[in-house]
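Okay, structure first, notes after.
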Amino acid sequence: MSPESVAPENAKTLIEQGALLIDIRDTSEYRREHIPGARSFPLAAIQAGQEIDNPEGRPVIFHCLSGGRTAQNARALAAAAGPVPVWILAGGINAWKRASLPVAEDRKQPLPIMRQVQIAAGTLILTGVILGYSIDSRLFLLAGFTGAGLLFAGVSGICGMANLLSKMPWNRVSK
């Protein structure tokens, strides 16, 4: 059985009553911004079969950025929580913020790698198109090469740009 969704205001009440809030986003996303009191437990760990450490048997609320990852993985999340009541925060941390509920932020942390990839790829494609129209049509190859890299990453699960960006100095932030 899949967990039910819970609105941010109701989730806050459940948390105040002792529910455990689990953030399934990547650790870097969690470090940059999270709901106070949330425990980081990345989706990758859950998909690898790890279970939530919850010896008290507290009810569990899972959340991600916008609700997509939790909705897609609802059954796996419920299984990882064990035999306790389980909810999914409707709309994720974005909905939590729209409800004017508190978040802890550390803007010194770098943007998540996938956002960095989106920014870099978008910049390369836009640059290739602009330069292709204004200077030399061969510069359209920059946009084509970037698109081919994104296609390869989507098909293979290996993103060269993400691997490169993860080695950049700004991504070497202490925990």
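So you can find residues: chains in the structure tokens are A, B, ... in the order shown, residues in each start at 1, and ligands are numbered from 1 in order.
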Near segment 51-66 of chain A, 12 Å: segment 97-172 of chain A residue rows, closest pairs, only C-alpha atoms, as JSON lines:
{"residue": "A:Lys97", "atom": "CA", "partner": "A:Leu65", "partner_atom": "CA", "distance": 10.5}
{"residue": "A:Arg98", "atom": "CA", "partner": "A:Ser66", "partner_atom": "CA", "distance": 11.2}
{"residue": "A:Pro112", "atom": "CA", "partner": "A:Leu65", "partner_atom": "CA", "distance": 11.7}
Atoms kept (C-alpha atoms) for selection, written as a PDB file, in the first residue's frame:
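Contents of the output file part_32.pdb:
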ATOM      1  CA  LYS A  97       8.432  27.060   1.874  1.00  0.00           C
ATOM      2  CA  ARG A  98       5.288  28.276   0.052  1.00  0.00           C
ATOM      3  CA  PRO A 112      23.393  20.497  -6.560  1.00  0.00           C
TER       4      PRO A 112
END
- Message: So that I can check the secondary structure, give me every residue of segment 97-153 of chain A assigned helix (DSSP H, G or I) by backbone DSSP, as a PyMOL selection string.
- Response: chain A and resi 97-98+113-134+137-153
- Task: Using atom CA of Trp170 of chain A and atom CA of Gln109 of chain A as the two end points, give the distance in Å to one decimal.
- Result: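 These two atoms are separated by 8.4 Å.
Residues in contact with segment 114-123 of chain A at 9 Å, where only C-alpha atoms are counted and same-chain residues fewer than 2 positions away are skipped, are listed as A:Pro110, A:Leu111, A:Pro112, A:Ile125, A:Leu126, A:Thr127, A:Gly128, A:Ala143, A:Thr146, A:Gly147, A:Leu150, A:Cys159, A:Met161, A:Ala162, A:Leu165.
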- For Gly37 of chain A: contacts at 8 Å, only C-alpha atoms, fewer than 2 positions along chain excluded, given as a PyMOL selection string: chain A and resi 21+35+39
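Comparing A:Leu124, A:Ala153, A:Ala74, A:Ala11 by their smallest distance to Phe140 of chain A, the closest is A:Leu124 (using only C-alpha atoms).
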- Message: I want to know what sits within 12 Å of Ser2 of chain A, based on only C-alpha atoms, with residues of the same chain fewer than 3 positions away left out; could you give that as number ranges by chain?
- Response: A: 5, 70-79, 81, 85-88
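Residue-level DSSP output for segment 62-120 of chain A, from the backbone, shows strand (DSSP E or B) at Phe62, His63, Val86, Trp87, Ile88, Leu89, Ala104 and Glu105 of chain A.
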Could the residues in this selection be saved with C-alpha atoms as a tab-separated table (two decimals), in the first residue's frame?
chain	number	residue	atom	x	y	z
A	62	PHE	CA	9.23	11.54	3.56
A	63	HIS	CA	9.98	14.57	1.42
A	86	VAL	CA	4.01	6.67	6.55
A	87	TRP	CA	3.17	9.89	4.71
A	88	ILE	CA	4.65	11.83	1.83
A	89	LEU	CA	4.95	15.61	2.11
A	104	ALA	CA	17.60	26.01	7.35
A	105	GLU	CA	19.81	27.35	4.57
- With only C-alpha atoms as the atoms that count, which of A:Arg172, A:Ser100, A:Ala38, A:Ala44 lies nearest to Gly18 of chain A?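 Nearest candidate to Gly18 of chain A out of A:Arg172, A:Ser100, A:Ala38, A:Ala44: A:Ala38.
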- Excluding same-chain residues fewer than 2 positions from Ala7 of chain A, what lies within 6 Å of it counting only C-alpha atoms, as a PyMOL selection string? chain A and resi 9-10+90
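Distances here use only C-alpha atoms; by that measure, the residue among A:Gly49, A:His34, A:Ala19, A:Gly91 closest to Val6 of chain A is A:Gly91.
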- Would you work out the distance separating atom CA of Pro42 of chain A from atom CA of Arg25 of chain A, expressed in Å to one decimal? 5.2 Å
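Atom CA of Leu101 of chain A is found 8.1 Å from atom CA of Pro8 of chain A.
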